[in-house]
Structure formats: C-alpha cells, structure tokens
$ cat target.cif   # mmCIF, C-alpha atoms and all ligand atoms
data_coords
loop_
_atom_site.label_atom_id
_atom_site.label_comp_id
_atom_site.auth_asym_id
_atom_site.auth_seq_id
_atom_site.Cartn_x
_atom_site.Cartn_y
_atom_site.Cartn_z
CA MET C 1249 32.88 -22.10 -12.81
CA ALA C 1250 30.08 -20.33 -10.97
CA ALA C 1251 26.89 -22.28 -10.35
CA ARG C 1252 23.67 -21.72 -12.30
CA ILE C 1253 21.84 -18.75 -10.85
CA PRO C 1254 18.87 -20.37 -9.12
CA HIS C 1255 15.40 -18.92 -9.17
CA ALA C 1256 14.32 -17.41 -5.85
CA ARG C 1257 11.82 -20.25 -5.44
CA ASP C 1258 14.49 -22.99 -5.87
CA ARG C 1259 16.58 -21.35 -3.24
CA GLN C 1260 13.70 -20.94 -0.87
CA HIS C 1261 13.21 -24.71 -0.86
CA SER C 1262 16.80 -25.93 -1.00
CA ARG C 1263 18.42 -23.53 1.48
CA PRO C 1264 18.59 -24.63 5.13
CA PRO C 1265 16.81 -22.26 7.51
CA ARG C 1266 19.03 -19.32 8.44
CA PRO C 1267 20.00 -18.79 12.09
CA PRO C 1268 17.94 -16.01 13.68
CA ALA C 1269 20.76 -13.43 13.51
CA ARG C 1270 18.30 -10.56 13.67
CA ALA C 1271 19.60 -7.16 14.64
CA GLY C 1272 16.06 -5.89 15.30
CA PRO C 1273 13.81 -4.45 12.62
CA PHE C 1274 15.51 -1.97 10.32
CA THR C 1275 15.10 -0.09 7.05
CA ALA C 1276 17.27 -1.00 4.07
CA VAL C 1277 18.13 0.38 0.66
CA LEU C 1278 18.99 -1.96 -2.21
CA LEU C 1279 20.88 -0.29 -5.05
CA CYS C 1280 20.11 -2.36 -8.17
CA ASN C 1281 22.21 -2.21 -11.30
CA LEU C 1282 22.00 -4.12 -14.58
CA GLY C 1283 24.64 -6.76 -13.95
CA THR C 1284 27.81 -8.04 -15.48
CA PRO C 1285 29.60 -11.38 -15.97
CA ASP C 1286 31.56 -12.92 -13.07
CA GLU C 1287 34.65 -13.21 -15.27
CA PRO C 1288 35.67 -12.01 -18.73
CA THR C 1289 35.53 -15.56 -20.13
CA PRO C 1290 33.21 -16.94 -22.86
CA ALA C 1291 31.56 -19.34 -20.35
CA ALA C 1292 30.83 -16.64 -17.76
CA VAL C 1293 29.66 -14.17 -20.42
CA ARG C 1294 27.38 -16.84 -21.87
CA ARG C 1295 25.75 -17.46 -18.47
CA TYR C 1296 25.21 -13.71 -18.02
CA LEU C 1297 23.91 -13.11 -21.54
CA ALA C 1298 21.60 -16.14 -21.33
CA GLN C 1299 19.90 -14.70 -18.25
CA PHE C 1300 19.87 -11.13 -19.62
CA LEU C 1301 18.64 -11.83 -23.13
CA ALA C 1302 16.01 -14.39 -22.06
CA ASP C 1303 14.28 -11.67 -20.01
CA PRO C 1304 11.03 -10.89 -21.87
CA ARG C 1305 11.36 -7.25 -20.74
CA VAL C 1306 14.63 -6.97 -22.68
CA VAL C 1307 13.79 -8.75 -25.92
CA GLU C 1308 10.12 -8.38 -26.73
CA ILE C 1309 9.90 -11.10 -29.39
CA PRO C 1310 7.59 -14.13 -28.93
CA ARG C 1311 9.48 -16.74 -26.87
CA ALA C 1312 8.91 -19.52 -29.41
CA VAL C 1313 10.78 -17.48 -32.02
CA TRP C 1314 13.41 -15.82 -29.82
CA LEU C 1315 14.66 -18.61 -27.52
CA PRO C 1316 15.79 -21.00 -30.29
CA LEU C 1317 17.57 -18.06 -31.95
CA LEU C 1318 19.15 -17.02 -28.64
CA TYR C 1319 20.44 -20.50 -27.75
CA GLY C 1320 21.21 -21.62 -31.32
CA VAL C 1321 22.82 -18.52 -32.80
CA ILE C 1322 23.27 -15.49 -30.51
CA LEU C 1323 24.91 -17.11 -27.48
CA PRO C 1324 27.37 -19.27 -29.45
CA LEU C 1325 28.41 -16.29 -31.59
CA ARG C 1326 28.31 -13.45 -29.07
CA SER C 1327 29.76 -14.96 -25.89
CA ALA C 1328 33.38 -15.20 -27.07
CA LYS C 1329 33.28 -11.86 -28.90
CA SER C 1330 31.79 -10.12 -25.90
CA ALA C 1331 34.24 -11.81 -23.51
CA ALA C 1332 37.16 -10.44 -25.54
CA LYS C 1333 35.69 -6.95 -25.15
CA TYR C 1334 35.17 -7.42 -21.41
CA ALA C 1335 38.82 -8.48 -21.11
CA THR C 1336 39.89 -5.02 -22.35
CA ILE C 1337 38.09 -3.20 -19.50
CA TRP C 1338 38.44 -5.71 -16.63
CA THR C 1339 40.21 -4.42 -13.52
CA PRO C 1340 42.12 -6.32 -10.80
CA GLU C 1341 39.02 -5.89 -8.56
CA GLY C 1342 36.67 -7.18 -11.27
CA SER C 1343 34.13 -5.71 -13.66
CA PRO C 1344 34.02 -1.88 -13.49
CA LEU C 1345 30.21 -1.87 -13.28
CA LYS C 1346 30.28 -4.03 -10.15
CA VAL C 1347 33.23 -2.26 -8.56
CA TRP C 1348 31.58 1.17 -8.95
CA THR C 1349 28.16 -0.04 -7.82
CA GLU C 1350 29.67 -1.53 -4.67
CA ARG C 1351 31.51 1.73 -3.93
CA GLN C 1352 28.36 3.77 -4.53
CA ALA C 1353 26.45 1.59 -2.06
CA LYS C 1354 29.18 2.00 0.59
CA ARG C 1355 29.40 5.75 0.12
CA LEU C 1356 25.62 6.12 0.07
CA GLN C 1357 25.43 4.31 3.40
CA GLY C 1358 28.08 6.74 4.71
CA TRP C 1359 26.16 9.80 3.47
CA LEU C 1360 22.87 8.59 4.93
CA GLY C 1361 24.58 7.85 8.24
CA GLU C 1362 26.03 11.36 8.35
CA HIS C 1363 22.51 12.68 7.79
CA GLY C 1364 20.99 10.79 10.67
CA HIS C 1365 19.61 7.72 8.87
CA ARG C 1366 20.52 4.34 10.34
CA VAL C 1367 19.74 2.31 7.24
CA ARG C 1368 21.59 -0.62 5.73
CA VAL C 1369 22.59 -0.12 2.09
CA ALA C 1370 23.30 -3.19 -0.06
CA TYR C 1371 23.65 -3.60 -3.80
CA ALA C 1372 22.45 -6.21 -6.28
CA MET C 1373 22.56 -7.02 -9.97
CA ARG C 1374 19.50 -7.75 -12.12
CA TYR C 1375 21.54 -10.31 -14.07
CA GLY C 1376 24.47 -12.20 -12.54
CA ASN C 1377 25.74 -11.73 -9.01
CA PRO C 1378 24.98 -10.74 -6.33
CA SER C 1379 21.41 -11.39 -7.43
CA ILE C 1380 18.42 -9.34 -6.35
CA ALA C 1381 16.85 -12.44 -4.74
CA SER C 1382 19.95 -13.33 -2.72
CA GLU C 1383 20.39 -9.77 -1.42
CA LEU C 1384 16.71 -9.38 -0.56
CA ASP C 1385 16.82 -12.75 1.23
CA ALA C 1386 19.86 -11.62 3.23
CA LEU C 1387 18.26 -8.27 4.17
CA ALA C 1388 14.87 -9.75 5.08
CA ASP C 1389 16.44 -12.62 7.04
CA ALA C 1390 18.51 -10.10 9.01
CA GLY C 1391 15.36 -8.18 9.97
CA ALA C 1392 14.75 -5.59 7.23
CA GLU C 1393 11.10 -4.62 7.57
CA ARG C 1394 11.20 -1.89 4.94
CA ILE C 1395 13.27 -2.00 1.75
CA LEU C 1396 13.69 0.84 -0.72
CA ILE C 1397 14.69 -0.37 -4.19
CA LEU C 1398 16.90 2.25 -5.78
CA THR C 1399 17.63 1.50 -9.44
CA ALA C 1400 20.88 2.67 -10.98
CA TYR C 1401 18.92 3.95 -14.00
CA PRO C 1402 18.13 7.68 -13.96
CA GLN C 1403 15.74 7.25 -16.92
CA TYR C 1404 12.85 4.80 -16.58
CA SER C 1405 12.56 2.06 -19.19
CA GLY C 1406 10.44 -1.07 -19.29
CA THR C 1407 13.60 -2.90 -20.37
CA THR C 1408 15.53 -1.98 -17.22
CA THR C 1409 13.53 -0.40 -14.37
CA ALA C 1410 10.43 -2.56 -14.83
CA SER C 1411 12.61 -5.64 -15.08
CA VAL C 1412 14.06 -4.87 -11.63
CA ILE C 1413 10.50 -4.51 -10.33
CA ASP C 1414 9.66 -7.92 -11.89
CA ALA C 1415 12.64 -9.53 -10.10
CA VAL C 1416 11.61 -8.03 -6.75
CA ALA C 1417 7.99 -9.15 -7.26
CA GLN C 1418 9.16 -12.66 -8.16
CA TRP C 1419 11.22 -12.77 -4.97
CA ALA C 1420 8.26 -11.56 -2.90
CA GLN C 1421 6.07 -14.35 -4.30
CA ALA C 1422 8.32 -16.90 -2.65
CA ARG C 1423 8.32 -15.27 0.81
CA ARG C 1424 5.75 -15.51 3.53
CA ALA C 1425 6.65 -12.32 5.43
CA VAL C 1426 7.24 -9.70 2.75
CA PRO C 1427 8.82 -6.43 3.95
CA GLU C 1428 7.29 -3.10 2.96
CA LEU C 1429 8.68 -2.23 -0.45
CA ARG C 1430 9.19 1.05 -2.28
CA PHE C 1431 10.79 1.75 -5.66
CA VAL C 1432 12.66 4.74 -7.03
CA ASN C 1433 11.58 4.57 -10.67
CA ARG C 1434 13.37 7.59 -12.10
CA TYR C 1435 15.48 10.67 -11.34
CA HIS C 1436 16.21 11.87 -14.87
CA ASP C 1437 15.28 15.47 -13.97
CA ASP C 1438 16.62 15.52 -10.42
CA ARG C 1439 18.51 18.72 -9.79
CA GLY C 1440 21.29 17.07 -7.79
CA TYR C 1441 21.87 14.44 -10.48
CA LEU C 1442 21.96 17.08 -13.24
CA GLN C 1443 24.23 19.36 -11.24
CA ALA C 1444 26.65 16.51 -10.48
CA LEU C 1445 26.79 15.78 -14.22
CA ALA C 1446 27.29 19.43 -15.15
CA ARG C 1447 30.05 19.90 -12.56
CA SER C 1448 31.90 16.78 -13.72
CA ILE C 1449 31.77 17.99 -17.34
CA GLU C 1450 32.90 21.49 -16.37
CA ARG C 1451 35.73 19.99 -14.31
CA HIS C 1452 36.82 18.03 -17.38
CA TRP C 1453 36.71 21.18 -19.49
CA ARG C 1454 38.72 23.16 -16.96
CA GLU C 1455 41.48 20.53 -17.19
CA HIS C 1456 41.34 19.79 -20.93
CA GLY C 1457 39.73 22.85 -22.51
CA LYS C 1458 36.35 22.90 -24.26
CA PRO C 1459 35.52 20.75 -27.31
CA ASP C 1460 33.98 21.87 -30.61
CA HIS C 1461 30.99 19.67 -29.82
CA LEU C 1462 29.55 17.62 -26.96
CA VAL C 1463 27.80 14.31 -27.62
CA MET C 1464 25.48 12.99 -24.90
CA SER C 1465 25.20 9.28 -25.61
CA PHE C 1466 22.46 7.19 -23.96
CA HIS C 1467 21.94 3.44 -24.21
CA GLY C 1468 19.44 2.73 -26.98
CA VAL C 1469 16.27 0.65 -26.99
CA PRO C 1470 14.17 -0.55 -29.95
CA GLU C 1471 12.19 2.35 -31.45
CA ARG C 1472 9.08 0.20 -31.15
CA THR C 1473 9.17 0.56 -27.35
CA LEU C 1474 8.69 4.33 -27.75
CA HIS C 1475 5.57 3.76 -29.87
CA LEU C 1476 4.31 1.31 -27.26
CA GLY C 1477 4.51 4.03 -24.61
CA ASP C 1478 7.91 3.51 -22.95
CA PRO C 1479 8.86 6.90 -21.43
CA TYR C 1480 12.61 6.24 -21.83
CA HIS C 1481 13.12 8.33 -24.97
CA CYS C 1482 11.35 11.39 -23.50
CA GLU C 1483 13.23 11.10 -20.23
CA CYS C 1484 16.61 10.93 -22.01
CA ARG C 1485 15.65 14.00 -24.04
CA LYS C 1486 14.65 15.87 -20.89
CA THR C 1487 17.92 14.97 -19.16
CA GLY C 1488 19.82 16.16 -22.24
CA ARG C 1489 17.92 19.45 -22.49
CA LEU C 1490 18.31 20.28 -18.78
CA LEU C 1491 21.98 19.35 -18.78
CA ALA C 1492 22.65 21.56 -21.82
CA GLU C 1493 20.84 24.41 -20.03
CA LEU C 1494 23.01 24.00 -16.94
CA LEU C 1495 26.11 23.99 -19.14
CA GLN C 1496 24.75 27.00 -21.08
CA LEU C 1497 25.36 25.19 -24.36
CA PRO C 1498 23.76 26.61 -27.51
CA ALA C 1499 21.71 24.11 -29.53
CA ASP C 1500 24.39 23.66 -32.18
CA ALA C 1501 27.09 22.77 -29.60
CA TRP C 1502 25.66 19.42 -28.52
CA THR C 1503 23.86 16.34 -29.85
CA LEU C 1504 21.94 13.62 -28.04
CA THR C 1505 22.52 10.13 -29.42
CA PHE C 1506 21.72 6.48 -28.66
CA GLN C 1507 24.29 3.69 -28.61
CA SER C 1508 24.55 -0.11 -28.22
CA ARG C 1509 22.08 -1.13 -30.91
CA PHE C 1510 21.43 -4.88 -30.76
CA GLY C 1511 20.10 -6.82 -33.76
CA LYS C 1512 18.65 -5.56 -37.03
CA ALA C 1513 15.50 -3.73 -35.86
CA LYS C 1514 15.36 0.06 -35.85
CA TRP C 1515 16.46 1.50 -32.48
CA LEU C 1516 16.17 5.04 -31.17
CA GLU C 1517 18.03 7.48 -33.37
CA PRO C 1518 20.36 9.21 -33.98
CA TYR C 1519 22.89 6.42 -33.43
CA THR C 1520 26.09 7.41 -31.64
CA GLU C 1521 28.80 6.05 -33.93
CA PRO C 1522 27.48 7.42 -37.26
CA THR C 1523 26.94 10.77 -35.50
CA LEU C 1524 30.59 10.83 -34.38
CA GLN C 1525 31.68 10.07 -37.95
CA ALA C 1526 29.41 12.78 -39.36
CA LEU C 1527 30.75 15.34 -36.87
CA ALA C 1528 34.31 14.52 -37.93
CA ARG C 1529 33.35 14.90 -41.62
CA GLU C 1530 31.67 18.23 -40.87
CA GLY C 1531 35.03 19.46 -39.61
CA LYS C 1532 34.59 19.25 -35.84
CA ARG C 1533 38.16 18.75 -34.72
CA ARG C 1534 37.49 17.88 -31.10
CA VAL C 1535 34.46 16.07 -29.78
CA ASP C 1536 33.77 15.06 -26.16
CA VAL C 1537 31.33 12.30 -25.27
CA VAL C 1538 29.51 11.95 -21.97
CA CYS C 1539 27.08 9.12 -21.10
CA PRO C 1540 24.53 10.60 -18.63
CA GLY C 1541 22.29 7.50 -18.56
CA PHE C 1542 25.02 5.30 -17.11
CA SER C 1543 25.70 5.94 -13.45
CA SER C 1544 28.81 3.70 -13.54
CA ASP C 1545 31.43 3.13 -16.17
CA CYS C 1546 30.98 -0.26 -17.81
CA LEU C 1547 31.51 -2.13 -21.05
CA GLU C 1548 29.18 0.21 -22.94
CA THR C 1549 31.11 3.34 -21.98
CA LEU C 1550 34.71 2.13 -21.59
CA GLU C 1551 34.81 -0.12 -24.64
CA GLU C 1552 32.01 0.99 -26.97
CA ILE C 1553 32.51 4.74 -26.51
CA ALA C 1554 36.02 5.34 -25.16
CA GLN C 1555 37.60 2.77 -27.51
CA GLU C 1556 35.33 2.07 -30.50
CA GLY C 1557 33.77 5.54 -30.59
CA ARG C 1558 37.18 7.17 -30.46
CA ASP C 1559 38.49 4.95 -33.29
CA ALA C 1560 35.45 5.75 -35.47
CA PHE C 1561 35.76 9.52 -34.90
CA LEU C 1562 39.50 9.61 -35.56
CA ALA C 1563 39.22 7.35 -38.64
CA ALA C 1564 36.62 9.74 -40.08
CA GLY C 1565 39.06 12.67 -39.80
CA GLY C 1566 38.50 13.96 -36.25
CA ARG C 1567 41.59 15.15 -34.38
CA SER C 1568 40.82 14.78 -30.71
CA PHE C 1569 38.27 12.66 -28.87
CA GLN C 1570 37.71 12.83 -25.16
CA TYR C 1571 35.48 10.54 -23.17
CA ILE C 1572 34.16 12.13 -19.96
CA PRO C 1573 33.83 9.39 -17.30
CA CYS C 1574 30.52 8.48 -15.64
CA LEU C 1575 29.69 9.85 -12.20
CA ASN C 1576 30.85 6.60 -10.53
CA ASP C 1577 31.63 7.52 -6.88
CA ASP C 1578 31.85 11.29 -7.44
CA THR C 1579 31.11 13.07 -4.15
CA GLU C 1580 28.46 15.38 -5.55
CA TRP C 1581 26.73 12.41 -7.17
CA ILE C 1582 26.70 10.45 -3.90
CA ARG C 1583 25.18 13.51 -2.24
CA ALA C 1584 22.49 13.63 -4.95
CA LEU C 1585 21.79 9.90 -4.60
CA GLY C 1586 21.60 10.42 -0.84
CA ALA C 1587 19.05 13.22 -1.23
CA ILE C 1588 16.97 11.14 -3.69
CA THR C 1589 17.05 8.21 -1.26
CA GLN C 1590 16.16 10.45 1.66
CA GLN C 1591 13.10 11.80 -0.18
CA HIS C 1592 11.87 8.27 -0.86
CA LEU C 1593 12.51 7.15 2.71
CA ALA C 1594 10.20 9.89 4.01
CA GLY C 1595 7.79 8.59 6.61
CA TRP C 1596 9.73 5.39 7.22
CA PRO C 1597 11.51 5.02 10.55
CA THR C 1598 15.24 5.20 9.93
CA GLN C 1599 16.19 5.88 13.55
CA ALA C 1600 17.07 9.48 12.72
CA VAL C 1601 19.57 10.92 15.16
CA ALA C 1602 17.77 13.60 17.11
CA ASP C 1603 20.45 16.18 16.43
CA PRO C 1604 18.58 19.44 15.77
CA LYS C 1605 21.31 20.66 13.38
CA VAL C 1606 21.08 17.51 11.25
CA LEU C 1607 17.29 17.55 11.28
CA GLN C 1608 17.19 21.25 10.27
CA GLU C 1609 19.62 20.53 7.40
CA GLN C 1610 17.43 17.65 6.23
CA LYS C 1611 14.34 19.86 6.32
CA GLU C 1612 16.04 22.62 4.32
CA ARG C 1613 17.33 20.14 1.76
CA ALA C 1614 13.87 18.62 1.31
CA VAL C 1615 12.31 22.08 0.86
CA ALA C 1616 15.02 23.14 -1.63
CA LEU C 1617 14.62 19.90 -3.62
CA GLY C 1618 10.85 20.29 -3.64
CA ALA C 1619 11.15 23.85 -4.92
CA ALA C 1620 13.65 22.81 -7.59
CA ARG C 1621 11.40 20.17 -9.14
C1 LIG R 1701 19.05 -6.80 -26.42
C2 LIG R 1701 18.60 -5.68 -26.07
C3 LIG R 1701 19.10 -4.74 -25.07
C4 LIG R 1701 18.34 -3.74 -24.52
C5 LIG R 1701 16.90 -3.40 -24.83
C6 LIG R 1701 19.17 -3.05 -23.58
C7 LIG R 1701 18.77 -1.95 -22.83
C8 LIG R 1701 19.56 -1.29 -21.88
N1 LIG R 1701 20.79 -1.67 -21.39
C9 LIG R 1701 21.25 -0.74 -20.49
C10 LIG R 1701 22.46 -0.75 -19.79
C11 LIG R 1701 23.54 -1.61 -20.05
N2 LIG R 1701 23.60 -2.57 -21.03
C12 LIG R 1701 24.80 -3.22 -20.95
C13 LIG R 1701 25.23 -4.26 -21.75
C14 LIG R 1701 24.46 -4.90 -22.70
N3 LIG R 1701 23.22 -4.53 -23.19
C15 LIG R 1701 22.76 -5.48 -24.09
C16 LIG R 1701 21.52 -5.49 -24.76
C17 LIG R 1701 20.44 -4.65 -24.47
N4 LIG R 1701 20.40 -3.64 -23.58
C18 LIG R 1701 23.78 -6.50 -24.18
C19 LIG R 1701 23.68 -7.72 -25.04
C20 LIG R 1701 24.81 -6.15 -23.31
C21 LIG R 1701 26.05 -6.99 -22.97
C22 LIG R 1701 27.26 -6.64 -23.65
C23 LIG R 1701 27.27 -7.12 -25.06
O1 LIG R 1701 27.36 -8.32 -25.28
O2 LIG R 1701 27.17 -6.25 -25.93
C24 LIG R 1701 25.56 -2.63 -19.87
C25 LIG R 1701 26.99 -2.96 -19.48
C26 LIG R 1701 27.16 -4.20 -18.61
C27 LIG R 1701 28.58 -4.44 -18.18
O3 LIG R 1701 28.83 -5.58 -17.76
O4 LIG R 1701 29.45 -3.58 -18.19
C28 LIG R 1701 24.76 -1.64 -19.31
C29 LIG R 1701 25.07 -0.78 -18.12
C30 LIG R 1701 20.25 0.27 -20.39
C31 LIG R 1701 20.35 1.50 -19.50
C32 LIG R 1701 19.21 -0.08 -21.26
C33 LIG R 1701 17.93 0.58 -21.55
C34 LIG R 1701 17.57 1.76 -21.21
FE FE R 1702 22.17 -2.90 -22.55
FE FE R 1703 27.76 -2.43 -26.55
#

$ encode --input "target.cif" --output "structure tokens" --more "lines below"
Ligand SMILES: C=CC1=C(C)c2cc3[nH]c(cc4nc(cc5[nH]c(cc1n2)c(C)c5CCC(=O)O)C(CCC(=O)O)=C4C)c(C)c3C=C
Ligand SMILES: [Fe+2]
Ligand SMILES: [Fe+2]
Amino acid sequence: MAARIPHARDRQHSRPPRPPARAGPFTAVLLCNLGTPDEPTPAAVRRYLAQFLADPRVVEIPRAVWLPLLYGVILPLRSAKSAAKYATIWTPEGSPLKVWTERQAKRLQGWLGEHGHRVRVAYAMRYGNPSIASELDALADAGAERILILTAYPQYSGTTTASVIDAVAQWAQARRAVPELRFVNRYHDDRGYLQALARSIERHWREHGKPDHLVMSFHGVPERTLHLGDPYHCECRKTGRLLAELLQLPADAWTLTFQSRFGKAKWLEPYTEPTLQALAREGKRRVDVVCPGFSSDCLETLEEIAQEGRDAFLAAGGRSFQYIPCLNDDTEWIRALGAITQQHLAGWPTQAVADPKVLQEQKERAVALGAAR
C-alpha cells in the first residue's frame, strides 16, 4: 500500500538534506496532468479520490457540509465502483493517463532538444503520484532556476488549471530559494493543437470512412462555475468551433457536449450520453466521438465514452459507434506542445545551440504562430 501523500511542508521538514548533485543552473518544464490512482484497487482509488475531491477548487461546497459527505458517503460508495472501472482500462505499464503523460514528457524533451533547447522536462500529477511537490523539489534541488509549468489542459478552468497553480504556490511557500516560475494557462485556440486534432480525426476517417455525425465531448463542470466567471465553457466552445472549421463540417454535422457529471447539481449542457441516445433515435446510424479537452486517454475517455457511450448509443438504436483516440503521443501534437512550450520559454536561457539553421527555423515558427493567433 502506498504511503499517505505528504504535504510539501511535511516533506520539507522530515526529508534529510539532499546531496548537492547540482548539474549547474538549468531551465525545466513540468508537464502537469490531473492524476490517477496508483493501482486499480478500492484502497488506492479511495486515496486518490480523497485527495481529488477534498480540493476546494474541485468541489465548491462549504467544507463543513462537503467533507462529512465525502468521507461518510462518497468515498465508501464510489471507491470500489470506480476501481472496477479502472480495472477495465488498466494496462501492463499502469494507468493510461500516467503512461501517456510520461511519454509526452519524454517526447517533448526530445523535440525541444532537436530545436536547440537544453531543458529538462519532467511530469507530475495534481492528485496522486508523482506529485507536483516531489517533482518540483527534485528539479529545484538539482539546480533548476527557472521552471515552466505546462498544464495538460488545453482549456482553462478554475477546477483544473488554477488548482495546479495552487499546488505550485503551496510548494513555493515551503521553499527558501524559489525558482522563477511561469505557467501555461491555456492553448484552446492554438493552431498547432487544433491542426493536430483535425489531422488525427481526418486520419481516422480515411481509415474508417466518415460518420453521420461527430460528437466533440469535453469534461463537464458545474454550470454554476460558468456564472461565476470560469472561462472553461467559452474556451471549449471556441475549440469546438475552430476544429469544426478546420474539418469543414457544416453546423448540423457535429455537436459539442459535456460528460462526466458528478452529483445532482446542474452541469454544463448538453450532456454527452443523452445526446448520443437522441442522435441514435433521430436515425443517425454512425456516430464518432472525439474528446478534444483530454490530451491523454484515461478513464473518462476509454471507459465512459468508448465503453459506456458506445453501449448507450447502440442500445438506443445506433448501428456503429467509433471513438477517436486522444492525441496521446501523436507526433504532430508533440510538435504543437513543443511550439507552445518554446513560446513560453522566450527570454529564458535554455542554452540554445548556436546553429543558424535551427535558430532561423525557430524564428520562422514563432512568426508563423504569432500570425496565426
Ligand atoms: C467532482 C467534480 C469534478 C470536476 C469539477 C471535474 C473537473 C474536471 N476533470 C477533468 C479531467 C479528468 N477527470 C477525471 C476523473 C474524474 N473526475 C472527477 C470529478 C470531477 N472532475 C472524478 C470523481 C474522477 C475520477 C473517476 C471517477 O471516480 O469517476 C480524469 C481521469 C483520471 C484517470 O485516472 O484516468 C480526467 C482526465 C477536467 C479536464 C475537468 C474540468 C475541466
Ligand atoms: Fe474530472
Ligand atoms: Fe467518468
């Protein structure tokens, strides 16, 4: 059984001083994703959900009301159910979310290296392991003087992006020498991201033919967060509109939906599953679903969409359901992530290789990206 995930402060006091294995000052990138359990077991899922659902950014209900409900009802009921779902998507290397995030970090480091940036790329999870605090400790202790926090969320939400910022700020509070920090808050309208999505959908259609309808399903959030000013809903809609434009889809050929509703409150609508059922009843024989807000396949895509969504569509009379995988470690996506990272590293020393060809390419890319925005 994995140990309780300690707070950055606990660790700061209990950990023996690290040996000065400093490689000289360097710039680092930390790719931060949501997180996932260590194992698909009720105990591991409970630990993960306890950390996740106790985050006040995620559930915005007064603590005195929510925590007794979380510990008394939600965790006992949900942990085993959720673990059974995780078991259906688990791979020999572990949870898909973690496996893909690790590969993205490795490939991003490769891309940046090829483009003249000597930066170290690591990855961390907001909930579970490796934690943001442990990875930031490791980078700072090794000599990282500048750290770019790259979230795995193309669309900004207080529930996800801001929560990563909270975790980084909490870590910084416990350190004396805090590195320079930067955050990539969003890239929902980034041309490279949208093009990578469009190409992966078109590739799918070249192999499997085109559907009668495309559903773009994003993770939902409570509708209340939209009224409180969370830009998430607008950013999802913009991603959807720009992606449909790139795919040259007429308005009646696609629908944007929100999935993964949690609890009884109203979440962003339209909901994914009832939309799939309605499309089947309207006579759409084949529907494809893509999840542009998830940069890695995970429980929410592989189980909720590719399994449950499929079952719901077919049970309502649909004939063929195809799930289009997330970008994962797609080459064009890594290139887009690299370009986004490169833009945010601007002005920071990354020991760029003084190869005129590489530098010229970087300059042209930056100009093209600037013009495309
Ligand atoms: C309780 C409220 C939740 C909010 C708000 C929420 C927002 C949100 N989540 C993601 C991305 C992912 N969520 C994932 C799993 C997941 N999400 C919630 C709840 C909320 N999410 C729960 C309880 C769970 C765990 C699974 C379950 O028990 O149902 C995942 C997958 C993780 C994995 O291990 O594979 C992702 C990714 C976004 C982008 C978002 C808001 C924009
Ligand atoms: Fe979620
Ligand atoms: Fe779900």

$ residues_near_ligand --input "target.cif" --ligand "ligand FE 1703 (chain R)" --cutoff "7 Å" --atoms "only C-alpha atoms and all ligand atoms" --output "ChimeraX atom specification"
/C:1508,1547-1548,1552

$ atom_distance --input "target.cif" --atom1 "CA of Glu1383 (chain C)" --atom2 "CA of Arg1355 (chain C)"
18.0 Å

$ closest_residue --input "target.cif" --among "C:Leu1550, C:Leu1445, C:Val1321, C:Leu1301" --to "Ser1343 (chain C)" --atoms "only C-alpha atoms"
C:Leu1550

$ residues_near_ligand --input "target.cif" --ligand "ligand LIG 1701 (chain R)" --cutoff "8 Å" --atoms "all atoms listed in the file" --output "number ranges by chain"
C: 1281-1285, 1293, 1297, 1300-1301, 1305-1307, 1326-1327, 1329-1331, 1334, 1343-1346, 1401, 1403-1408, 1466-1470, 1480, 1508-1511, 1541-1542, 1544-1549

$ write_last_selection --input "target.cif" --atoms "C-alpha atoms" --output "JSON list (two decimals), in the coordinates of the input"
[["chain", "number", "residue", "atom", "x", "y", "z"],
["C", 1281, "ASN", "CA", 22.21, -2.21, -11.30],
["C", 1282, "LEU", "CA", 22.00, -4.12, -14.58],
["C", 1283, "GLY", "CA", 24.64, -6.76, -13.95],
["C", 1284, "THR", "CA", 27.81, -8.04, -15.48],
["C", 1285, "PRO", "CA", 29.60, -11.38, -15.97],
["C", 1293, "VAL", "CA", 29.66, -14.17, -20.42],
["C", 1297, "LEU", "CA", 23.91, -13.11, -21.54],
["C", 1300, "PHE", "CA", 19.87, -11.13, -19.62],
["C", 1301, "LEU", "CA", 18.64, -11.83, -23.13],
["C", 1305, "ARG", "CA", 11.36, -7.25, -20.74],
["C", 1306, "VAL", "CA", 14.63, -6.97, -22.68],
["C", 1307, "VAL", "CA", 13.79, -8.75, -25.92],
["C", 1326, "ARG", "CA", 28.31, -13.45, -29.07],
["C", 1327, "SER", "CA", 29.76, -14.96, -25.89],
["C", 1329, "LYS", "CA", 33.28, -11.86, -28.90],
["C", 1330, "SER", "CA", 31.79, -10.12, -25.90],
["C", 1331, "ALA", "CA", 34.24, -11.81, -23.51],
["C", 1334, "TYR", "CA", 35.17, -7.42, -21.41],
["C", 1343, "SER", "CA", 34.13, -5.71, -13.66],
["C", 1344, "PRO", "CA", 34.02, -1.88, -13.49],
["C", 1345, "LEU", "CA", 30.21, -1.87, -13.28],
["C", 1346, "LYS", "CA", 30.28, -4.03, -10.15],
["C", 1401, "TYR", "CA", 18.92, 3.95, -14.00],
["C", 1403, "GLN", "CA", 15.74, 7.25, -16.92],
["C", 1404, "TYR", "CA", 12.85, 4.80, -16.58],
["C", 1405, "SER", "CA", 12.56, 2.06, -19.19],
["C", 1406, "GLY", "CA", 10.44, -1.07, -19.29],
["C", 1407, "THR", "CA", 13.60, -2.90, -20.37],
["C", 1408, "THR", "CA", 15.53, -1.98, -17.22],
["C", 1466, "PHE", "CA", 22.46, 7.19, -23.96],
["C", 1467, "HIS", "CA", 21.94, 3.44, -24.21],
["C", 1468, "GLY", "CA", 19.44, 2.73, -26.98],
["C", 1469, "VAL", "CA", 16.27, 0.65, -26.99],
["C", 1470, "PRO", "CA", 14.17, -0.55, -29.95],
["C", 1480, "TYR", "CA", 12.61, 6.24, -21.83],
["C", 1508, "SER", "CA", 24.55, -0.11, -28.22],
["C", 1509, "ARG", "CA", 22.08, -1.13, -30.91],
["C", 1510, "PHE", "CA", 21.43, -4.88, -30.76],
["C", 1511, "GLY", "CA", 20.10, -6.82, -33.76],
["C", 1541, "GLY", "CA", 22.29, 7.50, -18.56],
["C", 1542, "PHE", "CA", 25.02, 5.30, -17.11],
["C", 1544, "SER", "CA", 28.81, 3.70, -13.54],
["C", 1545, "ASP", "CA", 31.43, 3.13, -16.17],
["C", 1546, "CYS", "CA", 30.98, -0.26, -17.81],
["C", 1547, "LEU", "CA", 31.51, -2.13, -21.05],
["C", 1548, "GLU", "CA", 29.18, 0.21, -22.94],
["C", 1549, "THR", "CA", 31.11, 3.34, -21.98]]

$ closest_residue --input "target.cif" --among "C:Leu1476, C:Gly1565, C:Arg1294, C:Ile1309" --to "Leu1325 (chain C)" --atoms "only C-alpha atoms"
C:Arg1294
